[in-house]
Amino acid sequence: MSNVLRLAIQKSGRLSEDSIKLIKECGIEFSSGGGTLKSVAYNFPIEFLFLRDDDIPGYVADGVADIGIVGENVSEEKRQKVRAVEKLGFSKCRLSIAVTKSFNYKEKSDINGMKIATSYPNILSGYLKENNIKASIHEISGSVEIAPSIGLSDAVCDIVSSGSTLISNGLKEAEVVFRSEAVLIACPELSKGKLKTLDDLLFRISAVRNAHNTKYILLNAPDKSIDTIISLLPGVKSPTIMPLAKTGWSSLHSVVKENEFWQVIEKLKAAGAEGILVIPIEKIIL
Ligand code: ATP
Ligand code: MG
């Protein structure tokens with residue numbers, strides 16, 4: 001039985017670039033772009049289908065594709081039988097209810113009686129039910145944000161990231177209905193061979209993702225400060241310490257999470273650290 005995994009990714013849109021980038025960072029080489037609908041990797045048992053994102057959950061559920069990368073919003077909305085395997089950390093957005101700017105919105109119960117235009121009727125109706133809100137849903141497939149201005153609805157439930165599209169359409173965000181990011185989904189029935197390939201792929205993805213928010217840090221410090229610095233930069237196991245040619249000084253190498261780095265930098269300097277270098281890491285195997 002074949003161990004070649006078929007991965008469905010978005011043909012062109014907000015998920016495409018980061019999906020392709022992630023696969024390439026995993027060391028998997030393939031050609032994409034130029035209207036290609038199918039492609040095969042040169043150096044890993046994986047082939048690619050380039051599709052509209054809406055079709056991906058269905059193709060994965062049917063086994064036409066073995067795995068896929070989609071937004072959780074689409075995966076949740078389509079209600080297909082797929083397994084969410086791994087969140088991928090990109091294409092973060094939220095699905096929100098927005099009302100007209102002039103509406104004096106105070107609380108969820110204000111949504112009662114409204115007509116809401118959306119491309120996400122399933123997620124929205126779940127949210128309304130959960131919150132005991134009685135509103136009607138008007139399903140439209142695109143340009144949702146103009147619905148109130150043309151008299152089609154009182155409110156919308158649509159994807160928001162910065163909120164600028166809402167503002168330019170005279171709307172304001174009222175409630176967040178669902179938070180989403182890209183997710184790797186899989187067909188619930190995969191052969192042993194394909195599951196093994198999926199494990200190999202997930203191993204590479206986690207190495208790449210660990211590396212993304214971790215930096216390699218090198219610094220010089222007086223020997224008397226080393227214990228303090230080790231407590232600030234514990235690293236994966238423990239930091240590497242090498243003596244400098246200048247007596248009484250050492251060079252210390254460690255890794256640090258990017259967000260933690262900004263919290264410890266002042267303390268490192270206060271402990272006497274000098275010549276601090278912070279370097280990107282390509283992969284981390286823990
Ligand atoms: P397709 O033609 O493939 O159907 P689409 O127009 O439906 O594409 P896109 O706008 O490309 O979809 O968005 C794809 C996914 O990216 C969305 O389902 C959502 O998960 C995420 N997304 C949408 N808007 C944003 C945004 N502004 N910022 C980050 N992620 C977003
Ligand atoms: Mg779509």
# chains A, B, ... in the order shown; residues from 1 in each chain; ligands from 1
call {"tool": "residues_near_ligand", "arguments": {"ligand": "ligand 2", "cutoff": "8 Å", "atoms": "only C-alpha atoms and all ligand atoms", "output": "JSON, numbers by chain"}}
result
{"A": [52, 53, 54, 55, 74]}
call {"tool": "select_by_dssp", "arguments": {"residues": "segment 150-269 of chain A", "states": "helix (DSSP H, G or I)", "output": "PDB file with N, CA, C and O atoms, in the first residue's frame"}}
result
ATOM      1  N   SER A 164     -10.214  46.843   9.742  1.00  0.00           N
ATOM      2  CA  SER A 164     -10.285  47.997   8.839  1.00  0.00           C
ATOM      3  C   SER A 164     -11.384  47.834   7.775  1.00  0.00           C
ATOM      4  O   SER A 164     -11.999  48.815   7.370  1.00  0.00           O
ATOM      5  N   THR A 165     -11.641  46.575   7.346  1.00  0.00           N
ATOM      6  CA  THR A 165     -12.707  46.363   6.356  1.00  0.00           C
ATOM      7  C   THR A 165     -14.061  46.731   6.954  1.00  0.00           C
ATOM      8  O   THR A 165     -14.915  47.322   6.291  1.00  0.00           O
ATOM      9  N   LEU A 166     -14.243  46.398   8.237  1.00  0.00           N
ATOM     10  CA  LEU A 166     -15.503  46.749   8.903  1.00  0.00           C
ATOM     11  C   LEU A 166     -15.667  48.254   8.915  1.00  0.00           C
ATOM     12  O   LEU A 166     -16.709  48.786   8.515  1.00  0.00           O
ATOM     13  N   ILE A 167     -14.624  48.957   9.368  1.00  0.00           N
ATOM     14  CA  ILE A 167     -14.707  50.415   9.499  1.00  0.00           C
ATOM     15  C   ILE A 167     -15.026  51.048   8.148  1.00  0.00           C
ATOM     16  O   ILE A 167     -15.903  51.903   8.049  1.00  0.00           O
ATOM     17  N   SER A 168     -14.350  50.569   7.089  1.00  0.00           N
ATOM     18  CA  SER A 168     -14.594  51.206   5.791  1.00  0.00           C
ATOM     19  C   SER A 168     -15.992  50.888   5.259  1.00  0.00           C
ATOM     20  O   SER A 168     -16.437  51.502   4.298  1.00  0.00           O
ATOM     21  N   LYS A 192      -1.648   2.481   7.430  1.00  0.00           N
ATOM     22  CA  LYS A 192      -0.465   2.503   8.306  1.00  0.00           C
ATOM     23  C   LYS A 192       0.682   3.272   7.657  1.00  0.00           C
ATOM     24  O   LYS A 192       1.357   4.075   8.299  1.00  0.00           O
ATOM     25  N   GLY A 193       0.880   3.005   6.359  1.00  0.00           N
ATOM     26  CA  GLY A 193       1.982   3.651   5.637  1.00  0.00           C
ATOM     27  C   GLY A 193       1.809   5.162   5.612  1.00  0.00           C
ATOM     28  O   GLY A 193       2.759   5.917   5.816  1.00  0.00           O
ATOM     29  N   LYS A 194       0.571   5.604   5.381  1.00  0.00           N
ATOM     30  CA  LYS A 194       0.320   7.051   5.326  1.00  0.00           C
ATOM     31  C   LYS A 194       0.438   7.680   6.710  1.00  0.00           C
ATOM     32  O   LYS A 194       0.912   8.817   6.844  1.00  0.00           O
ATOM     33  N   LEU A 195       0.006   6.945   7.739  1.00  0.00           N
ATOM     34  CA  LEU A 195       0.136   7.477   9.102  1.00  0.00           C
ATOM     35  C   LEU A 195       1.610   7.670   9.468  1.00  0.00           C
ATOM     36  O   LEU A 195       1.966   8.633  10.139  1.00  0.00           O
ATOM     37  N   LYS A 196       2.443   6.763   8.985  1.00  0.00           N
ATOM     38  CA  LYS A 196       3.883   6.880   9.251  1.00  0.00           C
ATOM     39  C   LYS A 196       4.424   8.143   8.561  1.00  0.00           C
ATOM     40  O   LYS A 196       5.176   8.916   9.150  1.00  0.00           O
ATOM     41  N   THR A 197       4.002   8.361   7.311  1.00  0.00           N
ATOM     42  CA  THR A 197       4.447   9.583   6.606  1.00  0.00           C
ATOM     43  C   THR A 197       3.946  10.828   7.341  1.00  0.00           C
ATOM     44  O   THR A 197       4.662  11.817   7.485  1.00  0.00           O
ATOM     45  N   LEU A 198       2.695  10.754   7.841  1.00  0.00           N
ATOM     46  CA  LEU A 198       2.137  11.897   8.570  1.00  0.00           C
ATOM     47  C   LEU A 198       2.959  12.169   9.829  1.00  0.00           C
ATOM     48  O   LEU A 198       3.249  13.325  10.148  1.00  0.00           O
ATOM     49  N   ASP A 199       3.345  11.120  10.540  1.00  0.00           N
ATOM     50  CA  ASP A 199       4.193  11.292  11.727  1.00  0.00           C
ATOM     51  C   ASP A 199       5.500  11.973  11.369  1.00  0.00           C
ATOM     52  O   ASP A 199       5.961  12.870  12.076  1.00  0.00           O
ATOM     53  N   ASP A 200       6.113  11.539  10.259  1.00  0.00           N
ATOM     54  CA  ASP A 200       7.379  12.154   9.823  1.00  0.00           C
ATOM     55  C   ASP A 200       7.171  13.636   9.512  1.00  0.00           C
ATOM     56  O   ASP A 200       7.993  14.483   9.860  1.00  0.00           O
ATOM     57  N   LEU A 201       6.047  13.931   8.860  1.00  0.00           N
ATOM     58  CA  LEU A 201       5.751  15.324   8.513  1.00  0.00           C
ATOM     59  C   LEU A 201       5.530  16.155   9.784  1.00  0.00           C
ATOM     60  O   LEU A 201       6.054  17.267   9.917  1.00  0.00           O
ATOM     61  N   LEU A 202       4.779  15.605  10.741  1.00  0.00           N
ATOM     62  CA  LEU A 202       4.489  16.338  11.982  1.00  0.00           C
ATOM     63  C   LEU A 202       5.772  16.585  12.780  1.00  0.00           C
ATOM     64  O   LEU A 202       5.922  17.630  13.414  1.00  0.00           O
ATOM     65  N   PHE A 203       6.683  15.629  12.728  1.00  0.00           N
ATOM     66  CA  PHE A 203       7.970  15.785  13.409  1.00  0.00           C
ATOM     67  C   PHE A 203       8.713  16.996  12.821  1.00  0.00           C
ATOM     68  O   PHE A 203       9.226  17.851  13.539  1.00  0.00           O
ATOM     69  N   ARG A 204       8.707  17.066  11.500  1.00  0.00           N
ATOM     70  CA  ARG A 204       9.397  18.198  10.845  1.00  0.00           C
ATOM     71  C   ARG A 204       8.689  19.513  11.149  1.00  0.00           C
ATOM     72  O   ARG A 204       9.326  20.532  11.398  1.00  0.00           O
ATOM     73  N   ILE A 205       7.344  19.488  11.124  1.00  0.00           N
ATOM     74  CA  ILE A 205       6.590  20.721  11.389  1.00  0.00           C
ATOM     75  C   ILE A 205       6.899  21.213  12.807  1.00  0.00           C
ATOM     76  O   ILE A 205       7.115  22.402  13.031  1.00  0.00           O
ATOM     77  N   SER A 206       6.961  20.298  13.779  1.00  0.00           N
ATOM     78  CA  SER A 206       7.202  20.770  15.141  1.00  0.00           C
ATOM     79  C   SER A 206       8.626  21.309  15.283  1.00  0.00           C
ATOM     80  O   SER A 206       8.851  22.284  16.008  1.00  0.00           O
ATOM     81  N   ALA A 207       9.588  20.721  14.551  1.00  0.00           N
ATOM     82  CA  ALA A 207      10.962  21.244  14.604  1.00  0.00           C
ATOM     83  C   ALA A 207      11.008  22.671  14.044  1.00  0.00           C
ATOM     84  O   ALA A 207      11.658  23.559  14.601  1.00  0.00           O
ATOM     85  N   VAL A 208      10.291  22.888  12.957  1.00  0.00           N
ATOM     86  CA  VAL A 208      10.276  24.216  12.328  1.00  0.00           C
ATOM     87  C   VAL A 208       9.560  25.220  13.231  1.00  0.00           C
ATOM     88  O   VAL A 208      10.036  26.331  13.454  1.00  0.00           O
ATOM     89  N   ARG A 209       8.425  24.793  13.813  1.00  0.00           N
ATOM     90  CA  ARG A 209       7.639  25.733  14.620  1.00  0.00           C
ATOM     91  C   ARG A 209       8.336  26.062  15.935  1.00  0.00           C
ATOM     92  O   ARG A 209       8.267  27.183  16.414  1.00  0.00           O
ATOM     93  N   ASN A 210       9.016  25.080  16.529  1.00  0.00           N
ATOM     94  CA  ASN A 210       9.794  25.366  17.740  1.00  0.00           C
ATOM     95  C   ASN A 210      10.846  26.414  17.446  1.00  0.00           C
ATOM     96  O   ASN A 210      11.122  27.286  18.272  1.00  0.00           O
ATOM     97  N   ALA A 211      11.463  26.286  16.264  1.00  0.00           N
ATOM     98  CA  ALA A 211      12.554  27.194  15.912  1.00  0.00           C
ATOM     99  C   ALA A 211      12.046  28.612  15.672  1.00  0.00           C
ATOM    100  O   ALA A 211      12.732  29.577  15.982  1.00  0.00           O
ATOM    101  N   HIS A 212      10.825  28.745  15.135  1.00  0.00           N
ATOM    102  CA  HIS A 212      10.312  30.064  14.770  1.00  0.00           C
ATOM    103  C   HIS A 212      10.318  31.039  15.937  1.00  0.00           C
ATOM    104  O   HIS A 212      10.665  32.187  15.776  1.00  0.00           O
ATOM    105  N   ASP A 223      32.971  36.000  34.921  1.00  0.00           N
ATOM    106  CA  ASP A 223      32.730  34.677  35.513  1.00  0.00           C
ATOM    107  C   ASP A 223      31.824  34.741  36.747  1.00  0.00           C
ATOM    108  O   ASP A 223      31.008  33.858  36.966  1.00  0.00           O
ATOM    109  N   LYS A 224      31.961  35.801  37.521  1.00  0.00           N
ATOM    110  CA  LYS A 224      31.169  35.865  38.762  1.00  0.00           C
ATOM    111  C   LYS A 224      29.650  35.983  38.482  1.00  0.00           C
ATOM    112  O   LYS A 224      28.841  35.720  39.355  1.00  0.00           O
ATOM    113  N   SER A 225      29.289  36.372  37.270  1.00  0.00           N
ATOM    114  CA  SER A 225      27.852  36.535  36.950  1.00  0.00           C
ATOM    115  C   SER A 225      27.240  35.300  36.318  1.00  0.00           C
ATOM    116  O   SER A 225      26.047  35.289  36.004  1.00  0.00           O
ATOM    117  N   ILE A 226      28.058  34.274  36.080  1.00  0.00           N
ATOM    118  CA  ILE A 226      27.559  33.146  35.276  1.00  0.00           C
ATOM    119  C   ILE A 226      26.339  32.466  35.904  1.00  0.00           C
ATOM    120  O   ILE A 226      25.370  32.164  35.208  1.00  0.00           O
ATOM    121  N   ASP A 227      26.370  32.277  37.239  1.00  0.00           N
ATOM    122  CA  ASP A 227      25.226  31.600  37.872  1.00  0.00           C
ATOM    123  C   ASP A 227      23.933  32.397  37.664  1.00  0.00           C
ATOM    124  O   ASP A 227      22.892  31.841  37.366  1.00  0.00           O
ATOM    125  N   THR A 228      24.028  33.706  37.815  1.00  0.00           N
ATOM    126  CA  THR A 228      22.845  34.562  37.614  1.00  0.00           C
ATOM    127  C   THR A 228      22.348  34.428  36.181  1.00  0.00           C
ATOM    128  O   THR A 228      21.149  34.294  35.933  1.00  0.00           O
ATOM    129  N   ILE A 229      23.271  34.456  35.228  1.00  0.00           N
ATOM    130  CA  ILE A 229      22.876  34.406  33.813  1.00  0.00           C
ATOM    131  C   ILE A 229      22.283  33.040  33.469  1.00  0.00           C
ATOM    132  O   ILE A 229      21.287  32.955  32.743  1.00  0.00           O
ATOM    133  N   ILE A 230      22.842  31.973  34.039  1.00  0.00           N
ATOM    134  CA  ILE A 230      22.273  30.639  33.783  1.00  0.00           C
ATOM    135  C   ILE A 230      20.819  30.594  34.272  1.00  0.00           C
ATOM    136  O   ILE A 230      19.955  30.025  33.622  1.00  0.00           O
ATOM    137  N   SER A 231      20.549  31.240  35.408  1.00  0.00           N
ATOM    138  CA  SER A 231      19.169  31.203  35.913  1.00  0.00           C
ATOM    139  C   SER A 231      18.231  31.999  35.007  1.00  0.00           C
ATOM    140  O   SER A 231      17.042  31.718  34.926  1.00  0.00           O
ATOM    141  N   LEU A 232      18.787  32.992  34.291  1.00  0.00           N
ATOM    142  CA  LEU A 232      17.949  33.778  33.370  1.00  0.00           C
ATOM    143  C   LEU A 232      17.787  33.076  32.027  1.00  0.00           C
ATOM    144  O   LEU A 232      16.789  33.262  31.333  1.00  0.00           O
ATOM    145  N   GLU A 258      11.618  34.034  21.993  1.00  0.00           N
ATOM    146  CA  GLU A 258      11.685  35.440  21.583  1.00  0.00           C
ATOM    147  C   GLU A 258      10.985  36.371  22.586  1.00  0.00           C
ATOM    148  O   GLU A 258      11.540  37.386  22.987  1.00  0.00           O
ATOM    149  N   ASN A 259       9.770  36.008  23.025  1.00  0.00           N
ATOM    150  CA  ASN A 259       9.047  36.921  23.933  1.00  0.00           C
ATOM    151  C   ASN A 259       9.708  36.995  25.306  1.00  0.00           C
ATOM    152  O   ASN A 259       9.696  38.026  25.960  1.00  0.00           O
ATOM    153  N   GLU A 260      10.366  35.884  25.737  1.00  0.00           N
ATOM    154  CA  GLU A 260      11.054  35.915  27.036  1.00  0.00           C
ATOM    155  C   GLU A 260      12.338  36.742  26.948  1.00  0.00           C
ATOM    156  O   GLU A 260      12.750  37.356  27.918  1.00  0.00           O
ATOM    157  N   PHE A 261      12.936  36.752  25.753  1.00  0.00           N
ATOM    158  CA  PHE A 261      14.178  37.504  25.580  1.00  0.00           C
ATOM    159  C   PHE A 261      13.997  38.959  25.999  1.00  0.00           C
ATOM    160  O   PHE A 261      14.804  39.518  26.738  1.00  0.00           O
ATOM    161  N   TRP A 262      12.906  39.573  25.543  1.00  0.00           N
ATOM    162  CA  TRP A 262      12.701  40.993  25.844  1.00  0.00           C
ATOM    163  C   TRP A 262      12.497  41.210  27.337  1.00  0.00           C
ATOM    164  O   TRP A 262      12.759  42.285  27.857  1.00  0.00           O
ATOM    165  N   GLN A 263      12.035  40.172  28.039  1.00  0.00           N
ATOM    166  CA  GLN A 263      11.851  40.318  29.490  1.00  0.00           C
ATOM    167  C   GLN A 263      13.163  40.174  30.256  1.00  0.00           C
ATOM    168  O   GLN A 263      13.300  40.719  31.344  1.00  0.00           O
ATOM    169  N   VAL A 264      14.127  39.409  29.716  1.00  0.00           N
ATOM    170  CA  VAL A 264      15.357  39.185  30.497  1.00  0.00           C
ATOM    171  C   VAL A 264      16.513  40.095  30.099  1.00  0.00           C
ATOM    172  O   VAL A 264      17.504  40.182  30.820  1.00  0.00           O
ATOM    173  N   ILE A 265      16.365  40.804  28.972  1.00  0.00           N
ATOM    174  CA  ILE A 265      17.508  41.568  28.459  1.00  0.00           C
ATOM    175  C   ILE A 265      18.081  42.555  29.476  1.00  0.00           C
ATOM    176  O   ILE A 265      19.297  42.630  29.667  1.00  0.00           O
ATOM    177  N   GLU A 266      17.182  43.274  30.177  1.00  0.00           N
ATOM    178  CA  GLU A 266      17.672  44.249  31.169  1.00  0.00           C
ATOM    179  C   GLU A 266      18.416  43.547  32.294  1.00  0.00           C
ATOM    180  O   GLU A 266      19.442  44.018  32.775  1.00  0.00           O
ATOM    181  N   LYS A 267      17.876  42.388  32.713  1.00  0.00           N
ATOM    182  CA  LYS A 267      18.510  41.642  33.813  1.00  0.00           C
ATOM    183  C   LYS A 267      19.881  41.103  33.382  1.00  0.00           C
ATOM    184  O   LYS A 267      20.818  41.060  34.169  1.00  0.00           O
ATOM    185  N   LEU A 268      19.981  40.703  32.110  1.00  0.00           N
ATOM    186  CA  LEU A 268      21.266  40.211  31.607  1.00  0.00           C
ATOM    187  C   LEU A 268      22.301  41.337  31.649  1.00  0.00           C
ATOM    188  O   LEU A 268      23.434  41.149  32.087  1.00  0.00           O
ATOM    189  N   LYS A 269      21.869  42.521  31.204  1.00  0.00           N
ATOM    190  CA  LYS A 269      22.799  43.653  31.193  1.00  0.00           C
ATOM    191  C   LYS A 269      23.191  44.035  32.612  1.00  0.00           C
ATOM    192  O   LYS A 269      24.354  44.310  32.900  1.00  0.00           O
TER     193      LYS A 269
END
call {"tool": "residues_around", "arguments": {"residues": "Ile140 of chain A", "least_positions_apart": "4", "cutoff": "8 Å", "atoms": "only C-alpha atoms", "output": "CSV table (one decimal) with all heavy atoms, in the first residue's frame"}}
result
chain,number,residue,atom,x,y,z
A,117,ALA,N,-26.3,38.7,8.2
A,117,ALA,CA,-25.7,38.1,6.9
A,117,ALA,C,-24.4,37.5,7.2
A,117,ALA,O,-23.6,38.0,7.9
A,117,ALA,CB,-25.6,39.2,5.9
A,118,THR,N,-24.2,36.3,6.7
A,118,THR,CA,-22.9,35.5,7.0
A,118,THR,C,-22.7,34.4,5.9
A,118,THR,O,-23.6,34.0,5.3
A,118,THR,CB,-22.9,34.9,8.4
A,118,THR,OG1,-21.6,34.4,8.7
A,118,THR,CG2,-24.0,33.8,8.5
A,119,SER,N,-21.4,34.1,5.8
A,119,SER,CA,-21.1,32.9,5.0
A,119,SER,C,-20.9,31.7,6.0
A,119,SER,O,-20.4,30.6,5.6
A,119,SER,CB,-19.8,33.1,4.2
A,119,SER,OG,-19.9,34.3,3.5
A,144,VAL,N,-19.9,40.0,2.3
A,144,VAL,CA,-20.9,40.0,3.4
A,144,VAL,C,-20.9,41.4,4.0
A,144,VAL,O,-22.0,41.9,4.4
A,144,VAL,CB,-20.4,39.0,4.5
A,144,VAL,CG1,-21.2,39.1,5.7
A,144,VAL,CG2,-20.5,37.6,3.9
call {"tool": "residues_near_ligand", "arguments": {"ligand": "ligand 1", "cutoff": "8 Å", "atoms": "only C-alpha atoms and all ligand atoms", "output": "PyMOL selection string"}}
result
chain A and resi 10-16+51-55+70-74+90-93+159-162+180-182
call {"tool": "write_last_selection", "arguments": {"atoms": "N, CA, C and O atoms", "output": "JSON list (two decimals), in the first residue's frame"}}
result
[["chain", "number", "residue", "atom", "x", "y", "z"],
["A", 10, "GLN", "N", -4.58, 25.51, -0.07],
["A", 10, "GLN", "CA", -5.35, 26.52, -0.81],
["A", 10, "GLN", "C", -4.58, 26.97, -2.05],
["A", 10, "GLN", "O", -3.38, 27.26, -1.98],
["A", 11, "LYS", "N", -5.30, 27.04, -3.16],
["A", 11, "LYS", "CA", -4.69, 27.36, -4.44],
["A", 11, "LYS", "C", -4.17, 28.80, -4.44],
["A", 11, "LYS", "O", -3.02, 29.06, -4.76],
["A", 12, "SER", "N", -5.03, 29.73, -4.08],
["A", 12, "SER", "CA", -4.56, 31.11, -4.00],
["A", 12, "SER", "C", -5.44, 31.85, -3.02],
["A", 12, "SER", "O", -6.66, 31.86, -3.16],
["A", 13, "GLY", "N", -4.81, 32.45, -2.05],
["A", 13, "GLY", "CA", -5.57, 33.16, -1.01],
["A", 13, "GLY", "C", -4.71, 33.37, 0.20],
["A", 13, "GLY", "O", -3.48, 33.24, 0.14],
["A", 14, "ARG", "N", -5.35, 33.66, 1.31],
["A", 14, "ARG", "CA", -4.61, 34.07, 2.50],
["A", 14, "ARG", "C", -3.87, 32.93, 3.19],
["A", 14, "ARG", "O", -3.05, 33.18, 4.07],
["A", 15, "LEU", "N", -4.21, 31.69, 2.85],
["A", 15, "LEU", "CA", -3.51, 30.56, 3.49],
["A", 15, "LEU", "C", -2.35, 30.06, 2.64],
["A", 15, "LEU", "O", -1.44, 29.40, 3.16],
["A", 16, "SER", "N", -2.40, 30.35, 1.33],
["A", 16, "SER", "CA", -1.48, 29.69, 0.39],
["A", 16, "SER", "C", -0.01, 29.92, 0.71],
["A", 16, "SER", "O", 0.75, 28.96, 0.84],
["A", 51, "LEU", "N", -6.43, 23.67, -4.11],
["A", 51, "LEU", "CA", -7.89, 23.76, -4.20],
["A", 51, "LEU", "C", -8.40, 25.06, -3.58],
["A", 51, "LEU", "O", -7.66, 25.76, -2.88],
["A", 52, "ARG", "N", -9.70, 25.33, -3.75],
["A", 52, "ARG", "CA", -10.33, 26.41, -3.00],
["A", 52, "ARG", "C", -10.46, 25.95, -1.56],
["A", 52, "ARG", "O", -10.75, 24.78, -1.29],
["A", 53, "ASP", "N", -10.26, 26.84, -0.61],
["A", 53, "ASP", "CA", -10.24, 26.39, 0.79],
["A", 53, "ASP", "C", -11.55, 25.74, 1.22],
["A", 53, "ASP", "O", -11.56, 24.78, 1.99],
["A", 54, "ASP", "N", -12.67, 26.22, 0.67],
["A", 54, "ASP", "CA", -13.98, 25.66, 1.05],
["A", 54, "ASP", "C", -14.10, 24.18, 0.73],
["A", 54, "ASP", "O", -14.84, 23.45, 1.38],
["A", 55, "ASP", "N", -13.38, 23.74, -0.30],
["A", 55, "ASP", "CA", -13.49, 22.34, -0.74],
["A", 55, "ASP", "C", -12.59, 21.40, 0.05],
["A", 55, "ASP", "O", -12.76, 20.19, -0.02],
["A", 70, "VAL", "N", -6.32, 24.15, 6.33],
["A", 70, "VAL", "CA", -7.42, 25.11, 6.19],
["A", 70, "VAL", "C", -7.52, 25.95, 7.45],
["A", 70, "VAL", "O", -6.93, 25.61, 8.48],
["A", 71, "GLY", "N", -8.33, 27.01, 7.39],
["A", 71, "GLY", "CA", -8.63, 27.77, 8.59],
["A", 71, "GLY", "C", -9.59, 26.94, 9.45],
["A", 71, "GLY", "O", -10.44, 26.23, 8.92],
["A", 72, "GLU", "N", -9.45, 27.06, 10.78],
["A", 72, "GLU", "CA", -10.39, 26.36, 11.66],
["A", 72, "GLU", "C", -11.82, 26.82, 11.40],
["A", 72, "GLU", "O", -12.76, 26.05, 11.57],
["A", 73, "ASN", "N", -11.97, 28.08, 10.97],
["A", 73, "ASN", "CA", -13.31, 28.59, 10.66],
["A", 73, "ASN", "C", -13.97, 27.76, 9.57],
["A", 73, "ASN", "O", -15.14, 27.37, 9.69],
["A", 74, "VAL", "N", -13.21, 27.45, 8.52],
["A", 74, "VAL", "CA", -13.77, 26.66, 7.41],
["A", 74, "VAL", "C", -13.99, 25.21, 7.84],
["A", 74, "VAL", "O", -15.03, 24.61, 7.59],
["A", 90, "PHE", "N", -0.55, 30.17, 11.93],
["A", 90, "PHE", "CA", -0.65, 31.32, 11.01],
["A", 90, "PHE", "C", -2.11, 31.52, 10.58],
["A", 90, "PHE", "O", -2.98, 30.77, 10.99],
["A", 91, "SER", "N", -2.35, 32.55, 9.78],
["A", 91, "SER", "CA", -3.72, 32.94, 9.36],
["A", 91, "SER", "C", -4.65, 33.06, 10.56],
["A", 91, "SER", "O", -5.77, 32.56, 10.56],
["A", 92, "LYS", "N", -4.15, 33.78, 11.58],
["A", 92, "LYS", "CA", -5.00, 33.98, 12.76],
["A", 92, "LYS", "C", -6.03, 35.06, 12.46],
["A", 92, "LYS", "O", -5.70, 36.12, 11.93],
["A", 93, "CYS", "N", -7.26, 34.77, 12.77],
["A", 93, "CYS", "CA", -8.33, 35.74, 12.56],
["A", 93, "CYS", "C", -9.48, 35.37, 13.47],
["A", 93, "CYS", "O", -9.42, 34.37, 14.18],
["A", 159, "ILE", "N", -15.30, 37.32, 8.92],
["A", 159, "ILE", "CA", -13.91, 37.26, 9.36],
["A", 159, "ILE", "C", -13.36, 38.66, 9.60],
["A", 159, "ILE", "O", -13.54, 39.55, 8.77],
["A", 160, "VAL", "N", -12.68, 38.84, 10.73],
["A", 160, "VAL", "CA", -12.07, 40.11, 11.06],
["A", 160, "VAL", "C", -10.62, 39.84, 11.42],
["A", 160, "VAL", "O", -10.33, 38.85, 12.10],
["A", 161, "SER", "N", -9.68, 40.67, 10.96],
["A", 161, "SER", "CA", -8.36, 40.57, 11.57],
["A", 161, "SER", "C", -7.97, 41.93, 12.13],
["A", 161, "SER", "O", -7.92, 42.11, 13.33],
["A", 162, "SER", "N", -7.80, 42.95, 11.28],
["A", 162, "SER", "CA", -7.48, 44.27, 11.85],
["A", 162, "SER", "C", -8.76, 45.06, 12.12],
["A", 162, "SER", "O", -8.76, 45.98, 12.94],
["A", 180, "SER", "N", -9.85, 31.70, 15.14],
["A", 180, "SER", "CA", -9.37, 30.71, 14.17],
["A", 180, "SER", "C", -7.90, 30.90, 13.84],
["A", 180, "SER", "O", -7.35, 32.00, 13.92],
["A", 181, "GLU", "N", -7.25, 29.81, 13.49],
["A", 181, "GLU", "CA", -5.93, 29.84, 12.88],
["A", 181, "GLU", "C", -5.86, 28.67, 11.92],
["A", 181, "GLU", "O", -6.77, 27.82, 11.90],
["A", 182, "ALA", "N", -4.80, 28.59, 11.13],
["A", 182, "ALA", "CA", -4.68, 27.47, 10.19],
["A", 182, "ALA", "C", -4.48, 26.18, 10.97],
["A", 182, "ALA", "O", -3.84, 26.16, 12.02]]
call {"tool": "residues_around", "arguments": {"residues": "Val256 of chain A", "least_positions_apart": "6", "cutoff": "9 Å", "atoms": "only C-alpha atoms", "output": "mmCIF file with N, CA, C and O atoms, in the first residue's frame"}}
result
data_model
loop_
_atom_site.group_PDB
_atom_site.id
_atom_site.type_symbol
_atom_site.label_atom_id
_atom_site.label_comp_id
_atom_site.auth_asym_id
_atom_site.auth_seq_id
_atom_site.Cartn_x
_atom_site.Cartn_y
_atom_site.Cartn_z
ATOM 1 N N ASN A 213 9.892 30.586 17.105
ATOM 2 C CA ASN A 213 9.845 31.566 18.202
ATOM 3 C C ASN A 213 10.977 31.382 19.207
ATOM 4 O O ASN A 213 10.884 31.836 20.333
ATOM 5 N N THR A 214 12.028 30.717 18.778
ATOM 6 C CA THR A 214 13.177 30.554 19.667
ATOM 7 C C THR A 214 14.423 31.130 18.991
ATOM 8 O O THR A 214 14.571 31.023 17.777
ATOM 9 N N LYS A 215 15.268 31.778 19.768
ATOM 10 C CA LYS A 215 16.490 32.374 19.213
ATOM 11 C C LYS A 215 17.721 31.792 19.912
ATOM 12 O O LYS A 215 17.645 31.386 21.070
ATOM 13 N N TYR A 216 18.820 31.770 19.191
ATOM 14 C CA TYR A 216 20.100 31.367 19.768
ATOM 15 C C TYR A 216 20.745 32.629 20.310
ATOM 16 O O TYR A 216 20.744 33.668 19.640
ATOM 17 N N ILE A 217 21.234 32.567 21.517
ATOM 18 C CA ILE A 217 21.793 33.776 22.133
ATOM 19 C C ILE A 217 23.232 33.522 22.587
ATOM 20 O O ILE A 217 23.529 32.470 23.163
ATOM 21 N N LEU A 233 18.787 32.278 31.637
ATOM 22 C CA LEU A 233 18.786 31.623 30.319
ATOM 23 C C LEU A 233 19.038 30.124 30.483
ATOM 24 O O LEU A 233 20.114 29.624 30.147
ATOM 25 N N PRO A 234 18.046 29.384 30.994
ATOM 26 C CA PRO A 234 18.304 27.965 31.269
ATOM 27 C C PRO A 234 18.536 27.115 30.012
ATOM 28 O O PRO A 234 19.130 26.039 30.113
ATOM 29 N N GLY A 235 18.103 27.589 28.834
ATOM 30 C CA GLY A 235 18.354 26.865 27.581
ATOM 31 C C GLY A 235 17.585 25.558 27.496
ATOM 32 O O GLY A 235 16.640 25.329 28.257
ATOM 33 N N VAL A 236 17.954 24.701 26.551
ATOM 34 C CA VAL A 236 17.247 23.429 26.366
ATOM 35 C C VAL A 236 17.615 22.482 27.503
ATOM 36 O O VAL A 236 16.762 21.949 28.197
#
